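Q: JSON, C-alpha atoms and all ligand atoms, file input12.json:
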[["chain", "number", "residue", "atom", "x", "y", "z"],
["A", 221, "MET", "CA", 0.00, 0.00, 0.00],
["A", 222, "ALA", "CA", 1.27, 3.50, -0.88],
["A", 223, "GLU", "CA", 2.62, 5.65, 1.94],
["A", 224, "ALA", "CA", 0.76, 8.78, 3.02],
["A", 225, "ILE", "CA", 2.12, 12.04, 1.60],
["A", 226, "LEU", "CA", -0.22, 14.02, 3.86],
["A", 227, "LYS", "CA", -1.68, 13.12, 7.23],
["A", 228, "VAL", "CA", -4.33, 15.26, 8.83],
["A", 229, "LYS", "CA", -4.97, 14.52, 12.49],
["A", 230, "ASN", "CA", -7.83, 15.94, 14.54],
["A", 231, "LEU", "CA", -7.72, 19.22, 12.63],
["A", 232, "SER", "CA", -10.10, 22.00, 13.65],
["A", 233, "LYS", "CA", -10.79, 25.56, 12.66],
["A", 234, "HIS", "CA", -13.51, 27.63, 14.26],
["A", 235, "PHE", "CA", -14.47, 31.12, 13.22],
["A", 236, "VAL", "CA", -15.99, 33.54, 15.68],
["A", 237, "ILE", "CA", -18.36, 35.99, 14.08],
["A", 238, "ARG", "CA", -20.47, 38.83, 15.33],
["A", 239, "LYS", "CA", -23.26, 39.91, 13.00],
["A", 240, "SER", "CA", -23.33, 43.41, 14.45],
["A", 241, "PHE", "CA", -21.50, 45.38, 17.12],
["A", 242, "LEU", "CA", -24.17, 44.64, 19.71],
["A", 243, "SER", "CA", -25.01, 41.04, 18.84],
["A", 244, "SER", "CA", -23.49, 38.09, 20.66],
["A", 245, "LYS", "CA", -20.70, 36.00, 19.20],
["A", 246, "THR", "CA", -21.44, 32.95, 17.07],
["A", 247, "ILE", "CA", -18.91, 30.17, 16.66],
["A", 248, "ILE", "CA", -18.78, 28.47, 13.28],
["A", 249, "LYS", "CA", -17.11, 25.08, 13.42],
["A", 250, "ALA", "CA", -15.86, 25.26, 9.82],
["A", 251, "VAL", "CA", -13.55, 22.28, 10.32],
["A", 252, "ASP", "CA", -14.38, 20.16, 13.30],
["A", 253, "ASN", "CA", -11.85, 17.53, 14.36],
["A", 254, "ILE", "CA", -11.13, 15.86, 11.02],
["A", 255, "SER", "CA", -8.56, 13.14, 10.37],
["A", 256, "PHE", "CA", -7.58, 11.57, 7.05],
["A", 257, "GLU", "CA", -4.59, 10.64, 4.93],
["A", 258, "VAL", "CA", -3.74, 11.27, 1.30],
["A", 259, "LYS", "CA", -1.64, 8.48, -0.16],
["A", 260, "LYS", "CA", 1.19, 9.12, -2.59],
["A", 261, "GLY", "CA", -0.05, 9.05, -6.17],
["A", 262, "GLU", "CA", -3.76, 9.08, -5.45],
["A", 263, "ILE", "CA", -6.51, 11.58, -6.07],
["A", 264, "LEU", "CA", -8.57, 11.92, -2.93],
["A", 265, "GLY", "CA", -11.86, 13.68, -3.56],
["A", 266, "LEU", "CA", -13.32, 15.93, -0.87],
["A", 267, "ILE", "CA", -17.01, 16.43, -1.48],
["A", 268, "GLY", "CA", -19.74, 18.15, 0.48],
["A", 269, "GLU", "CA", -22.35, 20.84, 0.20],
["A", 270, "SER", "CA", -21.58, 24.54, 0.22],
["A", 271, "GLY", "CA", -20.30, 25.64, 3.63],
["A", 272, "SER", "CA", -19.31, 22.13, 4.73],
["A", 273, "GLY", "CA", -15.69, 23.19, 5.27],
["A", 274, "LYS", "CA", -13.87, 21.99, 2.12],
["A", 275, "THR", "CA", -12.06, 25.23, 1.29],
["A", 276, "THR", "CA", -11.18, 25.81, 4.94],
["A", 277, "THR", "CA", -9.62, 22.32, 4.98],
["A", 278, "GLY", "CA", -7.59, 23.11, 1.85],
["A", 279, "ASN", "CA", -6.45, 26.46, 3.27],
["A", 280, "LEU", "CA", -5.41, 24.82, 6.53],
["A", 281, "ILE", "CA", -3.32, 22.26, 4.64],
["A", 282, "LEU", "CA", -1.59, 25.05, 2.71],
["A", 283, "LYS", "CA", -1.22, 26.92, 6.00],
["A", 284, "LEU", "CA", -2.97, 29.89, 4.50],
["A", 285, "LEU", "CA", -5.03, 29.67, 7.68],
["A", 286, "LYS", "CA", -3.85, 28.77, 11.16],
["A", 287, "ASN", "CA", -5.56, 25.77, 12.71],
["A", 288, "ASP", "CA", -7.03, 25.85, 16.23],
["A", 289, "ASN", "CA", -6.34, 22.22, 17.00],
["A", 290, "GLY", "CA", -4.81, 19.12, 15.50],
["A", 291, "SER", "CA", -1.76, 18.48, 13.34],
["A", 292, "LEU", "CA", -0.57, 18.18, 9.77],
["A", 293, "PHE", "CA", 2.19, 15.90, 8.55],
["A", 294, "PHE", "CA", 3.74, 16.21, 5.09],
["A", 295, "ASN", "CA", 5.92, 13.23, 4.20],
["A", 296, "ASN", "CA", 5.89, 12.37, 7.91],
["A", 297, "ILE", "CA", 7.24, 15.80, 8.88],
["A", 298, "ASN", "CA", 5.08, 17.65, 11.35],
["A", 299, "ILE", "CA", 4.46, 20.99, 9.65],
["A", 300, "THR", "CA", 1.71, 22.20, 12.00],
["A", 301, "ASP", "CA", 3.70, 24.82, 13.83],
["A", 302, "MET", "CA", 6.63, 25.06, 11.44],
["A", 303, "GLU", "CA", 7.82, 28.62, 11.01],
["A", 304, "GLU", "CA", 7.57, 30.27, 7.62],
["A", 305, "LYS", "CA", 11.36, 30.25, 7.22],
["A", 306, "GLN", "CA", 11.48, 26.48, 7.63],
["A", 307, "MET", "CA", 8.34, 26.06, 5.54],
["A", 308, "ARG", "CA", 9.98, 27.81, 2.59],
["A", 309, "SER", "CA", 11.49, 24.74, 1.03],
["A", 310, "LEU", "CA", 8.29, 22.79, 1.63],
["A", 311, "ARG", "CA", 6.10, 25.56, 0.20],
["A", 312, "LYS", "CA", 7.12, 24.71, -3.32],
["A", 313, "GLU", "CA", 6.19, 21.06, -2.81],
["A", 314, "ILE", "CA", 2.63, 21.84, -1.74],
["A", 315, "GLN", "CA", 0.58, 23.92, -4.15],
["A", 316, "ILE", "CA", -3.02, 24.97, -4.68],
["A", 317, "ILE", "CA", -5.24, 25.57, -7.68],
["A", 318, "PHE", "CA", -8.21, 27.81, -6.98],
["A", 319, "GLN", "CA", -11.68, 27.96, -8.50],
["A", 320, "HIS", "CA", -11.41, 31.60, -9.53],
["A", 321, "THR", "CA", -8.33, 32.87, -11.29],
["A", 322, "HIS", "CA", -9.25, 36.55, -10.81],
["A", 323, "GLY", "CA", -8.02, 36.36, -7.23],
["A", 324, "THR", "CA", -4.69, 34.84, -8.15],
["A", 325, "LEU", "CA", -3.78, 36.17, -11.59],
["A", 326, "ASP", "CA", -2.88, 39.85, -11.29],
["A", 327, "PRO", "CA", -4.65, 41.55, -14.23],
["A", 328, "LYS", "CA", -1.77, 43.98, -14.69],
["A", 329, "MET", "CA", 0.79, 41.22, -15.26],
["A", 330, "THR", "CA", 1.38, 39.35, -18.51],
["A", 331, "ILE", "CA", 1.10, 35.57, -18.56],
["A", 332, "GLY", "CA", 4.88, 35.41, -18.89],
["A", 333, "GLU", "CA", 5.36, 37.57, -15.79],
["A", 334, "LEU", "CA", 2.79, 35.54, -13.87],
["A", 335, "LEU", "CA", 4.73, 32.36, -14.59],
["A", 336, "LEU", "CA", 8.08, 33.95, -13.84],
["A", 337, "GLU", "CA", 6.93, 34.90, -10.34],
["A", 338, "PRO", "CA", 6.94, 31.40, -8.74],
["A", 339, "LEU", "CA", 10.08, 30.46, -10.70],
["A", 340, "LYS", "CA", 11.95, 33.43, -9.24],
["A", 341, "ILE", "CA", 10.58, 33.19, -5.70],
["A", 342, "HIS", "CA", 11.61, 29.57, -5.41],
["A", 343, "ARG", "CA", 14.69, 29.82, -7.67],
["A", 344, "ILE", "CA", 13.55, 26.86, -9.74],
["A", 345, "VAL", "CA", 15.89, 27.48, -12.69],
["A", 346, "SER", "CA", 18.89, 29.72, -13.31],
["A", 347, "ASP", "CA", 18.34, 33.24, -14.72],
["A", 348, "CYS", "CA", 19.27, 32.31, -18.28],
["A", 349, "GLU", "CA", 16.68, 29.52, -18.32],
["A", 350, "TYR", "CA", 13.65, 31.60, -17.27],
["A", 351, "ASP", "CA", 12.38, 32.22, -20.77],
["A", 352, "ASN", "CA", 12.63, 28.59, -21.81],
["A", 353, "GLU", "CA", 11.00, 27.43, -18.62],
["A", 354, "VAL", "CA", 8.02, 29.78, -19.09],
["A", 355, "GLY", "CA", 7.57, 28.40, -22.62],
["A", 356, "ARG", "CA", 7.87, 24.84, -21.36],
["A", 357, "LEU", "CA", 5.23, 25.44, -18.66],
["A", 358, "LEU", "CA", 2.83, 26.94, -21.19],
["A", 359, "GLU", "CA", 3.24, 23.95, -23.47],
["A", 360, "MET", "CA", 2.75, 21.55, -20.59],
["A", 361, "VAL", "CA", -0.68, 23.03, -19.93],
["A", 362, "GLY", "CA", -1.64, 23.08, -23.59],
["A", 363, "LEU", "CA", -1.06, 26.78, -24.33],
["A", 364, "SER", "CA", 1.15, 28.15, -27.07],
["A", 365, "LYS", "CA", 4.23, 30.15, -26.16],
["A", 366, "SER", "CA", 2.77, 33.24, -27.87],
["A", 367, "ASN", "CA", 0.45, 33.64, -24.86],
["A", 368, "LYS", "CA", 3.39, 34.95, -22.86],
["A", 369, "GLU", "CA", 2.75, 38.52, -23.96],
["A", 370, "LYS", "CA", -0.98, 38.46, -23.24],
["A", 371, "PHE", "CA", -2.81, 39.66, -20.15],
["A", 372, "PRO", "CA", -5.28, 37.44, -18.25],
["A", 373, "HIS", "CA", -8.34, 39.27, -19.64],
["A", 374, "GLN", "CA", -7.23, 38.35, -23.16],
["A", 375, "LEU", "CA", -7.66, 34.65, -22.40],
["A", 376, "SER", "CA", -10.77, 32.50, -22.05],
["A", 377, "GLY", "CA", -11.80, 31.12, -18.63],
["A", 378, "GLY", "CA", -10.39, 27.71, -19.53],
["A", 379, "GLN", "CA", -7.10, 29.22, -20.73],
["A", 380, "ARG", "CA", -6.83, 31.28, -17.54],
["A", 381, "GLN", "CA", -7.30, 28.15, -15.46],
["A", 382, "ARG", "CA", -4.51, 26.53, -17.53],
["A", 383, "VAL", "CA", -2.28, 29.45, -16.46],
["A", 384, "GLY", "CA", -3.36, 28.86, -12.83],
["A", 385, "ILE", "CA", -2.32, 25.22, -13.24],
["A", 386, "ALA", "CA", 0.98, 26.24, -14.86],
["A", 387, "ARG", "CA", 1.74, 28.48, -11.87],
["A", 388, "ALA", "CA", 0.99, 25.61, -9.51],
["A", 389, "ILE", "CA", 3.28, 23.16, -11.31],
["A", 390, "ALA", "CA", 6.02, 25.78, -11.84],
["A", 391, "THR", "CA", 7.55, 25.01, -8.46],
["A", 392, "ARG", "CA", 7.64, 21.28, -9.26],
["A", 393, "PRO", "CA", 5.33, 20.29, -6.43],
["A", 394, "LYS", "CA", 4.55, 16.81, -5.20],
["A", 395, "PHE", "CA", 1.12, 17.56, -3.82],
["A", 396, "ILE", "CA", -1.61, 19.89, -5.06],
["A", 397, "VAL", "CA", -4.87, 20.90, -3.44],
["A", 398, "CYS", "CA", -7.29, 21.50, -6.30],
["A", 399, "ASP", "CA", -10.13, 23.61, -4.85],
["A", 400, "GLU", "CA", -13.06, 23.41, -7.29],
["A", 401, "PRO", "CA", -10.73, 23.94, -10.28],
["A", 402, "VAL", "CA", -13.46, 23.41, -12.87],
["A", 403, "SER", "CA", -16.56, 24.72, -11.08],
["A", 404, "ALA", "CA", -16.37, 28.17, -12.69],
["A", 405, "LEU", "CA", -15.95, 26.76, -16.21],
["A", 406, "ASP", "CA", -18.38, 25.79, -18.97],
["A", 407, "VAL", "CA", -19.22, 22.10, -18.92],
["A", 408, "SER", "CA", -17.56, 21.72, -22.34],
["A", 409, "VAL", "CA", -14.27, 23.01, -20.94],
["A", 410, "GLN", "CA", -14.47, 21.16, -17.62],
["A", 411, "GLY", "CA", -13.58, 17.80, -19.21],
["A", 412, "GLN", "CA", -10.52, 19.28, -20.94],
["A", 413, "ILE", "CA", -9.18, 20.71, -17.68],
["A", 414, "LEU", "CA", -9.87, 17.48, -15.78],
["A", 415, "ASN", "CA", -8.01, 15.52, -18.46],
["A", 416, "LEU", "CA", -5.11, 17.98, -18.29],
["A", 417, "LEU", "CA", -4.94, 17.48, -14.50],
["A", 418, "LEU", "CA", -4.94, 13.70, -15.03],
["A", 419, "GLU", "CA", -2.16, 13.90, -17.65],
["A", 420, "LEU", "CA", -0.03, 16.15, -15.42],
["A", 421, "LYS", "CA", -0.57, 13.89, -12.44],
["A", 422, "LYS", "CA", 0.83, 11.03, -14.49],
["A", 423, "SER", "CA", 3.74, 12.84, -16.12],
["A", 424, "LEU", "CA", 4.81, 14.74, -12.97],
["A", 425, "ASP", "CA", 4.02, 12.01, -10.46],
["A", 426, "LEU", "CA", 1.62, 14.23, -8.51],
["A", 427, "THR", "CA", -0.86, 13.60, -5.72],
["A", 428, "TYR", "CA", -4.07, 15.62, -5.50],
["A", 429, "LEU", "CA", -6.62, 16.49, -2.87],
["A", 430, "PHE", "CA", -9.49, 17.33, -5.19],
["A", 431, "ILE", "CA", -12.22, 19.50, -3.68],
["A", 432, "SER", "CA", -15.57, 19.64, -5.41],
["A", 433, "HIS", "CA", -19.28, 19.83, -4.67],
["A", 434, "ASP", "CA", -19.95, 18.01, -7.96],
["A", 435, "LEU", "CA", -20.24, 14.25, -7.58],
["A", 436, "LYS", "CA", -19.93, 13.68, -11.34],
["A", 437, "VAL", "CA", -16.55, 15.41, -11.37],
["A", 438, "ILE", "CA", -15.40, 13.55, -8.25],
["A", 439, "LYS", "CA", -16.52, 10.24, -9.75],
["A", 440, "TYR", "CA", -14.57, 10.93, -12.94],
["A", 441, "ILE", "CA", -11.26, 11.96, -11.41],
["A", 442, "CYS", "CA", -10.86, 10.46, -7.92],
["A", 443, "ASN", "CA", -9.62, 7.13, -6.56],
["A", 444, "ARG", "CA", -11.00, 7.66, -3.08],
["A", 445, "ILE", "CA", -13.67, 9.93, -1.72],
["A", 446, "ALA", "CA", -14.05, 11.74, 1.59],
["A", 447, "VAL", "CA", -17.48, 13.19, 2.32],
["A", 448, "MET", "CA", -17.64, 16.33, 4.41],
["A", 449, "TYR", "CA", -20.73, 17.56, 6.25],
["A", 450, "LYS", "CA", -20.89, 20.44, 8.74],
["A", 451, "GLY", "CA", -17.14, 20.51, 9.26],
["A", 452, "GLN", "CA", -16.73, 16.78, 9.74],
["A", 453, "ILE", "CA", -15.71, 13.89, 7.51],
["A", 454, "VAL", "CA", -18.70, 11.59, 7.70],
["A", 455, "GLU", "CA", -17.46, 8.94, 5.28],
["A", 456, "ILE", "CA", -14.22, 8.04, 3.51],
["A", 457, "GLY", "CA", -13.33, 5.12, 1.28],
["A", 458, "ASP", "CA", -12.57, 3.83, -2.20],
["A", 459, "ARG", "CA", -14.55, 5.63, -4.88],
["A", 460, "ASP", "CA", -16.70, 2.69, -5.95],
["A", 461, "GLU", "CA", -17.37, 1.57, -2.39],
["A", 462, "VAL", "CA", -18.54, 5.02, -1.36],
["A", 463, "LEU", "CA", -20.62, 5.51, -4.50],
["A", 464, "ASN", "CA", -22.13, 2.01, -4.66],
["A", 465, "ASN", "CA", -22.49, 1.26, -0.99],
["A", 466, "PRO", "CA", -22.58, 4.51, 0.98],
["A", 467, "GLN", "CA", -22.76, 3.92, 4.71],
["A", 468, "ASN", "CA", -23.66, 7.38, 5.88],
["A", 469, "GLU", "CA", -27.14, 8.82, 5.46],
["A", 470, "TYR", "CA", -25.81, 12.15, 4.19],
["A", 471, "THR", "CA", -23.74, 10.39, 1.51],
["A", 472, "GLN", "CA", -26.78, 8.31, 0.52],
["A", 473, "ASN", "CA", -28.84, 11.48, 0.06],
["A", 474, "LEU", "CA", -26.03, 13.17, -1.86],
["A", 475, "ILE", "CA", -25.81, 10.25, -4.29],
["A", 476, "GLU", "CA", -29.58, 9.92, -4.65],
["A", 477, "SER", "CA", -29.90, 13.63, -5.38],
["A", 478, "ILE", "CA", -27.91, 13.32, -8.60],
["A", 479, "ILE", "CA", -29.31, 10.00, -9.88],
["A", 501, "LIG", "N1", -12.92, 33.80, 7.13],
["A", 501, "LIG", "C1", -14.08, 33.32, 7.60],
["A", 501, "LIG", "N2", -14.73, 33.94, 8.60],
["A", 501, "LIG", "C2", -15.89, 33.45, 9.10],
["A", 501, "LIG", "N3", -16.48, 32.33, 8.64],
["A", 501, "LIG", "C3", -15.87, 31.68, 7.64],
["A", 501, "LIG", "C4", -14.64, 32.12, 7.06],
["A", 501, "LIG", "N4", -14.29, 31.26, 6.06],
["A", 501, "LIG", "C5", -15.25, 30.33, 6.03],
["A", 501, "LIG", "N5", -16.20, 30.56, 6.96],
["A", 501, "LIG", "C6", -17.38, 29.73, 7.23],
["A", 501, "LIG", "O1", -16.94, 28.41, 7.46],
["A", 501, "LIG", "C7", -17.82, 27.47, 6.88],
["A", 501, "LIG", "C8", -17.07, 26.60, 5.89],
["A", 501, "LIG", "O2", -16.70, 27.39, 4.77],
["A", 501, "LIG", "P1", -15.89, 26.82, 3.52],
["A", 501, "LIG", "O3", -15.60, 27.97, 2.63],
["A", 501, "LIG", "O4", -14.75, 26.03, 4.02],
["A", 501, "LIG", "O5", -16.96, 25.84, 2.86],
["A", 501, "LIG", "P2", -16.92, 25.07, 1.46],
["A", 501, "LIG", "O6", -17.29, 23.65, 1.74],
["A", 501, "LIG", "O7", -15.64, 25.32, 0.76],
["A", 501, "LIG", "O8", -18.13, 25.76, 0.67],
["A", 501, "LIG", "P3", -18.29, 26.06, -0.92],
["A", 501, "LIG", "O9", -18.71, 24.73, -1.55],
["A", 501, "LIG", "O10", -19.39, 27.06, -0.97],
["A", 501, "LIG", "O11", -17.00, 26.56, -1.45],
["A", 501, "LIG", "C9", -18.95, 28.26, 6.27],
["A", 501, "LIG", "O12", -20.00, 28.34, 7.20],
["A", 501, "LIG", "C10", -18.33, 29.64, 6.05],
["A", 501, "LIG", "O13", -19.30, 30.64, 6.09],
["A", 502, "MG", "MG", -15.13, 26.20, -1.08]]
If you took the structure in this file and wrote it as structure tokens, what would it be?
Ligand SMILES: Nc1ncnc2c1ncn2[C@@H]1O[C@H](COP(=O)(O)OP(=O)(O)OP(=O)(O)O)[C@@H](O)[C@H]1O
Ligand SMILES: [Mg+2]

A:
Amino acid sequence: MAEAILKVKNLSKHFVIRKSFLSSKTIIKAVDNISFEVKKGEILGLIGESGSGKTTTGNLILKLLKNDNGSLFFNNINITDMEEKQMRSLRKEIQIIFQHTHGTLDPKMTIGELLLEPLKIHRIVSDCEYDNEVGRLLEMVGLSKSNKEKFPHQLSGGQRQRVGIARAIATRPKFIVCDEPVSALDVSVQGQILNLLLELKKSLDLTYLFISHDLKVIKYICNRIAVMYKGQIVEIGDRDEVLNNPQNEYTQNLIESII
């Protein structure tokens, strides 16, 4: 059996909100004591309705958010409280692809500049190789090199997501959290992006945590499925087992709702 690349143990994140200055505090248990592993080379799907805590889970793994409780292990190294300085070399190994590219692709930067950014930050290649590497990344995600000079608004949604993927693979990661990477795209383009992610997984030996609220997408791309409901993982198992013989009532309803 493959080793775990990521182990999540008893992870929690609660948000405290106050609707107005005078109202009392409400605690939202966005992620509530979850534990799971992602094995090297697999695609683990994380599915659940809106607000169930999927994005918060992804952001905690990337350490874009600080957890309240629990721990995270990457390749058996406890990264939970690792300082940013120490995290630096690990940062390039763990990447994220977001649903919306407008938050991540600066509209004032050309595609070439956007791809140069991660290459420079993490010193992936030497200075004289930057141009070649940008061209290589574009080709890897199915875009021609001529796109280098363009700005994000000059590309289609699918092309922009390809740039988002190119930025994620630029640092030569081992593990990528894909947070609804096709949900903002036309159905006709979704399949192309999913197939690109599958090809890259194979050629670059990647492991994905694939977040989606769409069971059809999860069914197509994942080996195993974790079902999230109200901040908790209520079911986890091999794709066909979960889909054909769901044990949890919430999973049963989720599957019935799309049949
Ligand atoms: N920064 C925040 N402050 C307060 N509450 C938050 C914050 N981020 C998320 N939440 C709340 O935490 C819960 C989980 O949110 P999260 O975005 O993780 O859900 P999700 O499963 O990704 O949903 P979606 O499918 O809509 O993307 C929700 O109730 C959300 O409103
Ligand atoms: Mg989300």

Q: Residues of chain A that approach ligand MG 502 (chain A) to 12 Å or less, counting only C-alpha atoms and all ligand atoms: could you list each one with the shortest pair of atoms and its distance in Å to one decimal, rows by chain and increasing residue number, as CSV?

A:
residue,atom,partner,partner_atom,distance
A:Ala250,CA,A:MG502,MG,11.0
A:Leu266,CA,A:MG502,MG,10.4
A:Ile267,CA,A:MG502,MG,10.0
A:Gly268,CA,A:MG502,MG,9.4
A:Glu269,CA,A:MG502,MG,9.1
A:Ser270,CA,A:MG502,MG,6.8
A:Gly271,CA,A:MG502,MG,7.0
A:Ser272,CA,A:MG502,MG,8.2
A:Gly273,CA,A:MG502,MG,7.0
A:Lys274,CA,A:MG502,MG,5.4
A:Thr275,CA,A:MG502,MG,4.0
A:Thr276,CA,A:MG502,MG,7.2
A:Thr277,CA,A:MG502,MG,9.1
A:Gly278,CA,A:MG502,MG,8.7
A:Asn279,CA,A:MG502,MG,9.7
A:Ile317,CA,A:MG502,MG,11.9
A:Phe318,CA,A:MG502,MG,9.2
A:Gln319,CA,A:MG502,MG,8.4
A:His320,CA,A:MG502,MG,10.7
A:Val397,CA,A:MG502,MG,11.8
A:Cys398,CA,A:MG502,MG,10.5
A:Asp399,CA,A:MG502,MG,6.8
A:Glu400,CA,A:MG502,MG,7.1
A:Pro401,CA,A:MG502,MG,10.4
A:Ser403,CA,A:MG502,MG,10.2
A:Ala404,CA,A:MG502,MG,11.8
A:Phe430,CA,A:MG502,MG,11.3
A:Ile431,CA,A:MG502,MG,7.8
A:Ser432,CA,A:MG502,MG,7.9
A:His433,CA,A:MG502,MG,8.4
A:Asp434,CA,A:MG502,MG,11.7
A:Met448,CA,A:MG502,MG,11.6
A:Gly451,CA,A:MG502,MG,12.0

Q: With all atoms listed in the file as the atoms that count, which of A:Lys394, A:Ser366, A:Leu426, A:Val447 lies nearest to ligand LIG 501 (chain A)?

A: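 Result for the nearest residue to ligand LIG 501 (chain A): A:Val447.
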
Q: Would you compute an axis-aligned box for region 297-316 of chain A, covering every atom listed for it in the file with 3 Å of margin on each side, and report centre and edge lengths in Å to one decimal as AutoDock Vina command-line options?

A:
--center_x 4.2 --center_y 23.0 --center_z 4.6 --size_x 20.5 --size_y 20.5 --size_z 24.5

Q: Rounded to one decimal place, report the CA of Ser255 (chain A)-CA of Asn230 (chain A) distance in Å.

A: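 For CA of Ser255 (chain A) relative to CA of Asn230 (chain A), the distance reads 5.1 Å.
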
Q: Could you work out how far CA of Ile225 (chain A) lies from CA of Leu335 (chain A), giving the answer in Å with one decimal?

A: 26.1 Å

Q: For a test of reading the model, state the distance in Å between CA of Ile314 (chain A) and CA of Thr427 (chain A), rounded to one decimal.

A: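 It comes out at 9.8 Å.
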
Q: Have a look at A:Ser423, A:Phe241, A:Leu429, A:Asp347 and name the one nearest to Lys227 (chain A); count all atoms listed in the file.

A: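 For Lys227 (chain A), the nearest of the given residues is A:Leu429.
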
Q: Taking only C-alpha atoms and all ligand atoms into account, which of A:Ser408, A:Gln452, A:Asn352, A:Thr324 comes nearest ligand LIG 501 (chain A)?

A: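 Among the listed residues, the smallest separation from ligand LIG 501 (chain A) belongs to A:Gln452.
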
Q: Which polymer residues have any atom within 10 Å of an atom of Phe294 (chain A), counting all atoms listed in the file, with same-chain residues fewer than 6 positions away left out, as number ranges by chain?

A: A: 224-228, 258, 281, 300, 310, 313-314, 395

Q: When distances are computed from all atoms listed in the file, which of A:Glu419, A:Arg444, A:Lys305, A:Ile453 shows the smallest separation from Val251 (chain A)?

A: A:Ile453

Q: Find the residue from A:Gly332, A:Asn465, A:Gln381, A:Met302 that sits nearest to Val402 (chain A); use all atoms listed in the file when measuring.

A: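 Going through A:Gly332, A:Asn465, A:Gln381, A:Met302 one by one, the smallest distance to Val402 (chain A) is for A:Gln381.
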
Q: Which one of A:Lys233, A:Arg459, A:Lys368, A:Lys422 sits closest to ligand LIG 501 (chain A) if you count all atoms listed in the file?

A: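 Answer, going by the shortest atom-to-atom distance: A:Lys233.
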
Q: Excluding Ser364 (chain A) and its own-chain neighbours fewer than 5 positions away, which residues fall within 9 Å of it when counting only C-alpha atoms? Please give them as a ChimeraX atom specification.

A: /A:355,358-359

Q: Could you save those same residues with C-alpha atoms as a PDB file, in the frame of the given file?

A:
ATOM      1  CA  GLY A 355       7.570  28.400 -22.620  1.00  0.00           C
ATOM      2  CA  LEU A 358       2.830  26.940 -21.190  1.00  0.00           C
ATOM      3  CA  GLU A 359       3.240  23.950 -23.470  1.00  0.00           C
TER       4      GLU A 359
END

Q: Complete region 315-319 of chain A at the level of all heavy atoms, written as a short mmCIF file (atom, residue, chain, number, x, y, z; two decimals), keeping the file's coordinate frame.

A:
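Writing the result to selection08.cif gives the following:
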data_model
loop_
_atom_site.label_atom_id
_atom_site.label_comp_id
_atom_site.auth_asym_id
_atom_site.auth_seq_id
_atom_site.Cartn_x
_atom_site.Cartn_y
_atom_site.Cartn_z
N GLN A 315 1.16 22.81 -3.39
CA GLN A 315 0.58 23.92 -4.15
C GLN A 315 -0.94 23.87 -4.13
O GLN A 315 -1.53 22.89 -3.68
CB GLN A 315 1.09 23.90 -5.59
CG GLN A 315 2.53 24.36 -5.73
CD GLN A 315 2.70 25.85 -5.44
OE1 GLN A 315 1.75 26.62 -5.43
NE2 GLN A 315 3.93 26.26 -5.19
N ILE A 316 -1.55 24.92 -4.64
CA ILE A 316 -3.02 24.97 -4.68
C ILE A 316 -3.50 25.56 -6.01
O ILE A 316 -2.85 26.45 -6.56
CB ILE A 316 -3.58 25.76 -3.46
CG1 ILE A 316 -5.10 25.67 -3.38
CG2 ILE A 316 -3.12 27.21 -3.45
CD1 ILE A 316 -5.70 25.99 -2.00
N ILE A 317 -4.57 25.01 -6.50
CA ILE A 317 -5.24 25.57 -7.68
C ILE A 317 -6.62 26.01 -7.22
O ILE A 317 -7.35 25.22 -6.62
CB ILE A 317 -5.36 24.52 -8.81
CG1 ILE A 317 -3.98 24.03 -9.26
CG2 ILE A 317 -6.14 25.08 -10.00
CD1 ILE A 317 -4.00 22.78 -10.13
N PHE A 318 -6.95 27.26 -7.46
CA PHE A 318 -8.21 27.81 -6.98
C PHE A 318 -9.30 27.77 -8.05
O PHE A 318 -9.02 27.67 -9.25
CB PHE A 318 -8.03 29.27 -6.55
CG PHE A 318 -7.09 29.47 -5.40
CD1 PHE A 318 -5.77 29.85 -5.61
CD2 PHE A 318 -7.52 29.27 -4.08
CE1 PHE A 318 -4.90 30.04 -4.55
CE2 PHE A 318 -6.65 29.46 -3.02
CZ PHE A 318 -5.34 29.85 -3.25
N GLN A 319 -10.53 27.93 -7.58
CA GLN A 319 -11.68 27.96 -8.50
C GLN A 319 -11.63 29.20 -9.40
O GLN A 319 -11.80 29.11 -10.60
CB GLN A 319 -12.96 27.98 -7.66
CG GLN A 319 -14.23 28.13 -8.46
CD GLN A 319 -15.47 28.05 -7.59
OE1 GLN A 319 -15.38 27.88 -6.37
NE2 GLN A 319 -16.63 28.18 -8.20
#
